[in-house]
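Only one structure is covered here, and it is reproduced in the block below.
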Amino acid sequence: MALINPKKKEVQVKIVYYGPGRGGKTTNLEYINQKFKSRIKAEMVTVKTYGDRTLFFDFLPLDIGSINGYDIKIQFYTVPGQVKYNATRKLVLRGVDGIVFVADSMGLRREMNIRSLQNLEENLRSFNKDLSRIPLVFQYNKRDLAAHNIALLPLETMQQDLNAKLNAPYLEASAITGDNVALTMKKIISITIGSLKKKLEEK
Amino acid sequence: MTDKEDALSTALDQRLDDLFDEGNLDVEEPKPSVSEKSSAPKDKPQNSRPNNFKATESQQPGGEVMRGLNALLLSMEWEIDDSVMSKYLAEIQRLQELHKDDMFFINFTKMLESIGLYLKRHKVHAHQDTLKILQEIQAGLGLLVDMQDSLSDKEKKIYFNQTYERFQVFRKQITGKSADVTKASLNKNTELVTLIRGIVRKELAMLRKELLEELRSAQPKQP
Ligand SMILES: Nc1nc2c(ncn2[C@@H]2O[C@H](COP(=O)(O)OP(=O)(O)O)[C@@H](O)[C@H]2O)c(=O)[nH]1
Ligand SMILES: [Mg+2]
């Protein structure tokens with residue numbers, strides 16, 4: 001749940017990048033962090049340990065500035081993909097306001113995408129939350145690999161596998177080249193804040 | 001939809017457009033060289049291993065390049081004798097010759113070589129963790145090979161440094177200077193634990209705030 005502080009006129013929003021391990025979540029945030037360094041004025045924190053790229057999680061704070069008198073602060077998190085880190089994933093998911101599901105377009109990752117989405121739904125259910133009622137954007141990542149002759153899942157397959165019921169906005173992207181990375185972030189911020197509008201008005 | 005809501009979306013969209021406008025960045029960015037990622041599309045080498053991403057998916061890290069080395073390492077689990085160790089060291093030299101322009105590759109293999117020599121000298125009397133360390137570093141090298149084109153030099157360096165630290169800790173262990181080593185690695189651990197603890201603590205503080213907020217909003221509030 002977003003923290004809305006009417007006295008300080010501050011809104012804190014938590015957005016989580018979820019998805020299978022090695023799908024490109026960290027690369028998404030790294031791209032934003034690098035590319036918009038001069039505007040973001042915050043540091044990305046990556047908690048990692050030996051030999052693995054994200055044993056725990058990445059954290060990127062983003063200050064949007066004042067909108068309608070409210071200072072909007074967003075915190076982006078990524079979760080570790082490995083099965084054994086489900087406790088960390090749950091911790092990171094707690095209080096989530098919006099989710100970007102980064103799916104891996106590589107043909108070989110089809111199962112992993114599906115399983116990761118199931119895991120997301122289960123974890124949310126343990127907080128009595130329903131994925132279909134949380135602002136969500138699908139990002140079909142690594143589309144650049146097509147140019148390297150690597151078998152990719154067709155868009156329709158990914159949509160069918162992951163988004164058939166949820167019918168959430170989706171984007172094809174390449175976190176490594178930056179294609180649609182910023183757009184993904186804009187989209188999720190926009191719909192997440194949109195979902196808070198009512199609350200902002202009430203206060 | 002009320003005017004207020006509309007105003008909010010418009011203001012937000014405007015702000016997001018400004019914030020994430022990629023067109024104007026060149027002028028604003030103070031140092032053009034910082035980001036390796038952002039220049040990746042054009043710099044991306046027409047790589048010598050077109051199928052490197054496929055290799056990533058195979059069981060053994062490093063694919064074709066590392067096959068010989070991986071097979072020899074596997075056979076060490078059965079027996080560590082002069083013959084297998086000589087072959088292992090010879091394979092390292094062959095690879096070093098092949099990749100002599102790749103600094104990261106060379107540096108990784110130097111660690112393998114150093115441990116290989118130690119293992120050859122001491123065989124079954126070597127430190128009990130030797131094989132494990134060797135496997136770890138070799139798997140690390142394999143991963144580096146697989147991910148060659150998708151890692152920036154900065155990332156490779158971070159990756160190498162992590163591995164090198166690991167190697168140093170081990171080396172000091174076997175040369176007996178374990179006292180300060182343990183302390184050093186303990187310090188590192190403490191750092192990490194402190195960081196994580198900090199984050200978790202923040203999470204808990206947030207939870208507490210949320211609960212208070214909820215309690216407060218359950219009470220009648222001023223208009
Ligand atoms: N070709 C390509 N590689 C990518 C892309 N996104 C991520 N990667 C690579 O995939 C690997 C895993 O990415 P990472 O961001 O660590 O995944 P995470 O586990 O989801 O955080 C890294 O080697 C990245 O460089 C992409 O869009 N295209
Ligand atoms: Mg990661």
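The way I read the labels, and the way they are meant: chains A, B, ... in the order of the structure tokens, residue 1 as the first residue of every chain, and ligand 1 as the first ligand shown, with later ones counted on from there.
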
Legend entry - Polymer residues at most 12 Å from A:Lys187, only C-alpha atoms, same-chain spacing of 5 or more positions, as a PyMOL selection string: (chain A and resi 15+98-100+135-139+168-171+180-182+192-194) or (chain B and resi 12-13+16-17+20)

Inset, instruction - Give me every alpha helix (DSSP H) residue in chain A, going by DSSP on the backbone, as number ranges by chain. - result: A: 25-35, 37-40, 86-93, 110-125, 155-158, 181-202

Inset, instruction - Give as a ChimeraX atom specification the residues surrounding ligand 1 up to a distance of 7 Å, considering only C-alpha atoms and all ligand atoms. - result: /A:19-28,53-54,78,80-81,141-145,173-177 /B:147,150-151

Same residues, N, CA, C and O atoms, output as an mmCIF file, in the first residue's frame:
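Contents of the output file out39.cif:
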```cif
data_model
loop_
_atom_site.group_PDB
_atom_site.id
_atom_site.type_symbol
_atom_site.label_atom_id
_atom_site.label_comp_id
_atom_site.auth_asym_id
_atom_site.auth_seq_id
_atom_site.Cartn_x
_atom_site.Cartn_y
_atom_site.Cartn_z
ATOM 1 N N GLY A 19 9.868 -11.486 -12.192
ATOM 2 C CA GLY A 19 10.069 -12.315 -13.380
ATOM 3 C C GLY A 19 11.128 -13.374 -13.139
ATOM 4 O O GLY A 19 11.768 -13.384 -12.090
ATOM 5 N N PRO A 20 11.311 -14.249 -14.125
ATOM 6 C CA PRO A 20 12.263 -15.347 -13.943
ATOM 7 C C PRO A 20 13.695 -14.823 -13.828
ATOM 8 O O PRO A 20 13.998 -13.741 -14.335
ATOM 9 N N GLY A 21 14.536 -15.585 -13.146
ATOM 10 C CA GLY A 21 15.944 -15.225 -12.999
ATOM 11 C C GLY A 21 16.588 -15.036 -14.360
ATOM 12 O O GLY A 21 16.271 -15.757 -15.300
ATOM 13 N N ARG A 22 17.442 -14.051 -14.467
ATOM 14 C CA ARG A 22 18.191 -13.756 -15.679
ATOM 15 C C ARG A 22 17.317 -13.249 -16.822
ATOM 16 O O ARG A 22 17.713 -13.259 -17.976
ATOM 17 N N GLY A 23 16.133 -12.798 -16.479
ATOM 18 C CA GLY A 23 15.240 -12.283 -17.512
ATOM 19 C C GLY A 23 15.534 -10.842 -17.908
ATOM 20 O O GLY A 23 15.079 -10.392 -18.949
ATOM 21 N N GLY A 24 16.267 -10.134 -17.057
ATOM 22 C CA GLY A 24 16.639 -8.761 -17.397
ATOM 23 C C GLY A 24 16.092 -7.686 -16.472
ATOM 24 O O GLY A 24 16.107 -6.513 -16.797
ATOM 25 N N LYS A 25 15.651 -8.074 -15.276
ATOM 26 C CA LYS A 25 15.091 -7.093 -14.344
ATOM 27 C C LYS A 25 16.161 -6.096 -13.901
ATOM 28 O O LYS A 25 15.959 -4.883 -13.958
ATOM 29 N N THR A 26 17.275 -6.644 -13.459
ATOM 30 C CA THR A 26 18.359 -5.776 -13.004
ATOM 31 C C THR A 26 18.825 -4.870 -14.142
ATOM 32 O O THR A 26 19.054 -3.679 -13.943
ATOM 33 N N THR A 27 18.922 -5.440 -15.337
ATOM 34 C CA THR A 27 19.385 -4.663 -16.484
ATOM 35 C C THR A 27 18.438 -3.503 -16.774
ATOM 36 O O THR A 27 18.876 -2.418 -17.140
ATOM 37 N N ASN A 28 17.146 -3.707 -16.594
ATOM 38 C CA ASN A 28 16.168 -2.631 -16.743
ATOM 39 C C ASN A 28 16.511 -1.461 -15.823
ATOM 40 O O ASN A 28 16.616 -0.328 -16.267
ATOM 41 N N ARG A 53 24.178 -12.871 -9.875
ATOM 42 C CA ARG A 53 23.974 -11.455 -10.150
ATOM 43 C C ARG A 53 22.995 -10.797 -9.187
ATOM 44 O O ARG A 53 23.166 -9.652 -8.828
ATOM 45 N N THR A 54 21.984 -11.477 -8.793
ATOM 46 C CA THR A 54 21.106 -10.869 -7.789
ATOM 47 C C THR A 54 20.674 -11.921 -6.782
ATOM 48 O O THR A 54 19.700 -12.622 -6.984
ATOM 49 N N THR A 78 13.834 -5.014 -7.590
ATOM 50 C CA THR A 78 13.772 -6.248 -8.381
ATOM 51 C C THR A 78 13.808 -7.398 -7.385
ATOM 52 O O THR A 78 14.251 -7.237 -6.256
ATOM 53 N N PRO A 80 14.976 -11.537 -6.644
ATOM 54 C CA PRO A 80 15.852 -12.596 -7.138
ATOM 55 C C PRO A 80 15.010 -13.694 -7.769
ATOM 56 O O PRO A 80 13.937 -14.012 -7.276
ATOM 57 N N GLY A 81 15.504 -14.261 -8.851
ATOM 58 C CA GLY A 81 14.694 -15.246 -9.561
ATOM 59 C C GLY A 81 14.779 -16.653 -8.996
ATOM 60 O O GLY A 81 13.842 -17.426 -9.100
ATOM 61 N N ASN A 141 10.994 -9.140 -22.817
ATOM 62 C CA ASN A 141 12.360 -8.623 -22.941
ATOM 63 C C ASN A 141 13.224 -9.473 -23.871
ATOM 64 O O ASN A 141 12.857 -10.581 -24.247
ATOM 65 N N LYS A 142 14.360 -8.914 -24.204
ATOM 66 C CA LYS A 142 15.403 -9.564 -25.014
ATOM 67 C C LYS A 142 14.991 -9.708 -26.473
ATOM 68 O O LYS A 142 15.474 -10.612 -27.152
ATOM 69 N N ARG A 143 14.106 -8.851 -26.951
ATOM 70 C CA ARG A 143 13.693 -8.952 -28.353
ATOM 71 C C ARG A 143 14.889 -8.741 -29.286
ATOM 72 O O ARG A 143 14.856 -9.159 -30.439
ATOM 73 N N ASP A 144 15.932 -8.071 -28.805
ATOM 74 C CA ASP A 144 17.117 -7.841 -29.659
ATOM 75 C C ASP A 144 17.776 -9.142 -30.110
ATOM 76 O O ASP A 144 18.473 -9.180 -31.117
ATOM 77 N N LEU A 145 17.543 -10.202 -29.359
ATOM 78 C CA LEU A 145 18.216 -11.466 -29.693
ATOM 79 C C LEU A 145 17.776 -12.030 -31.042
ATOM 80 O O LEU A 145 18.484 -12.848 -31.627
ATOM 81 N N ALA A 173 10.563 -5.358 -25.517
ATOM 82 C CA ALA A 173 11.664 -4.489 -25.116
ATOM 83 C C ALA A 173 13.012 -5.185 -25.214
ATOM 84 O O ALA A 173 13.093 -6.400 -25.428
ATOM 85 N N SER A 174 14.042 -4.390 -25.091
ATOM 86 C CA SER A 174 15.378 -4.936 -24.912
ATOM 87 C C SER A 174 16.073 -4.124 -23.844
ATOM 88 O O SER A 174 16.420 -2.964 -24.058
ATOM 89 N N ALA A 175 16.234 -4.744 -22.688
ATOM 90 C CA ALA A 175 16.841 -4.011 -21.579
ATOM 91 C C ALA A 175 18.288 -3.671 -21.895
ATOM 92 O O ALA A 175 18.821 -2.681 -21.417
ATOM 93 N N ILE A 176 18.902 -4.485 -22.723
ATOM 94 C CA ILE A 176 20.316 -4.280 -23.001
ATOM 95 C C ILE A 176 20.543 -3.121 -23.971
ATOM 96 O O ILE A 176 21.493 -2.374 -23.840
ATOM 97 N N THR A 177 19.641 -2.944 -24.931
ATOM 98 C CA THR A 177 19.792 -1.794 -25.827
ATOM 99 C C THR A 177 19.007 -0.595 -25.316
ATOM 100 O O THR A 177 19.223 0.517 -25.746
ATOM 101 N N MET B 147 28.467 -15.163 -21.258
ATOM 102 C CA MET B 147 27.820 -13.855 -21.206
ATOM 103 C C MET B 147 28.672 -12.771 -21.841
ATOM 104 O O MET B 147 28.333 -11.590 -21.768
ATOM 105 N N SER B 150 27.134 -9.768 -23.382
ATOM 106 C CA SER B 150 26.057 -9.057 -22.708
ATOM 107 C C SER B 150 26.533 -8.395 -21.421
ATOM 108 O O SER B 150 25.774 -7.708 -20.761
ATOM 109 N N LEU B 151 27.781 -8.596 -21.077
ATOM 110 C CA LEU B 151 28.302 -7.922 -19.895
ATOM 111 C C LEU B 151 29.169 -6.749 -20.324
ATOM 112 O O LEU B 151 29.948 -6.858 -21.270
#
```

Inset, instruction - Using DSSP on the backbone coordinates, identify the residues of stretch 8-195 of chain A assigned to strand (DSSP E or B); present them as a PyMOL selection string. - result: chain A and resi 10-18+45-47+57-67+70-78+98-104+106+136-141+152+170-172+174+179

Legend entry - Nearest candidate to ligand 2 (options A:Leu117, A:Val11, A:Val79, A:Ile64; using only C-alpha atoms and all ligand atoms):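 Of all the options, A:Val79 lies closest to ligand 2.
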
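Take the candidates A:Gln75, A:Ala2, A:Arg89, A:Leu62 and check each one against ligand 2 using only C-alpha atoms and all ligand atoms; the shortest distance goes to A:Arg89.
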
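Comparing the minimum interatomic distances between chain A and each of B:Gln168, B:Asn161, B:Glu91, B:Thr175, counting only C-alpha atoms, we find that B:Asn161 sits nearest.
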
Inset, instruction - Could you tell me how far atom CA of A:Tyr140 lies from atom CA of A:Ile72, in Å and to one decimal? - result: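 Result for atom CA of A:Tyr140 versus atom CA of A:Ile72: 27.5 Å, one decimal.
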
Inset, instruction - Would you please work out which residue, of A:Leu91, A:Leu131, A:Val16, A:Leu29, is nearest to chain B when using only C-alpha atoms? - result: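 Among A:Leu91, A:Leu131, A:Val16, A:Leu29, it is A:Leu91 that comes nearest to chain B.
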
Legend entry - Interatomic distance (Å, one decimal) between atom CA of B:Asp6 and atom CA of A:Ile67: 12.0 Å
